[in-house]
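Enquirer: Structure incoming, see below.
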Amino acid sequence: MDSDEEERIPYSQRKEWSDVIPLPQDDGPDPVVSIAYKDEFRETMDYFRAVYHSDERSARSLDLTSDAIELNPGNYTN
């Protein structure tokens with residue numbers, strides 16, 4: 001485990017994110033295949049969906065977007 005992983009504080013425990021209600025992924029009632037995401041990725045994307053849904057444009061949402069890209073850069077390539 002590298003030092004970045006050891007020092008990471010979950011968004012749910014960060015004071016500056018206490019006003020955001022995470023928005024879980026909705027795969028519908030009968031998903032064909034459930035994907036087992038790492039907790040860090042799932043939580044980051046839940047917060048990302050929440051700020052996206054609320055159309056928040058702020059420094060913290062930009063930082064969150066950067067975290068999401070770092071966790072899965074394949075989501076953001078052509």
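Residues are named by chain letter and number: chains run A, B, ... in the order of the structure tokens, numbers start at 1 in each chain, and ligands are numbered from 1 in the order shown.
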For the structure I just gave you, how does DSSP split chain A - specifically, which residues are helix (DSSP H, G or I)? Reply as a VMD selection string.

Expert: chain A and resid 3 to 7 11 to 13 15 to 17 39 to 53 59 to 71 73 to 76

Enquirer: Just the number, please: distance in Å from atom CA of Ile69 of chain A to atom CA of Gly28 of chain A, one decimal.

Expert: 24.8 Å

Enquirer: Could you give me, as a PyMOL selection string, the residues within 12 Å of Phe41 of chain A, counting only C-alpha atoms and dropping anything in the same chain fewer than 5 positions from it?

Expert: chain A and resi 10-11+24-25+35-36+46-48+64-65+67-73+75

Enquirer: Would you kindly return, as a ChimeraX atom specification, each protein, DNA or RNA residue with an atom no farther than 9 Å from any atom of Ala50 of chain A, considering only C-alpha atoms and excluding same-chain residues fewer than 4 positions away?

Expert: /A:20-24,45-46,54-56

Enquirer: In Å, with one decimal, what is the gap from atom CA of Val51 of chain A to atom CA of Asp39 of chain A?

Expert: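 Between these atoms lies a distance of 18.6 Å.
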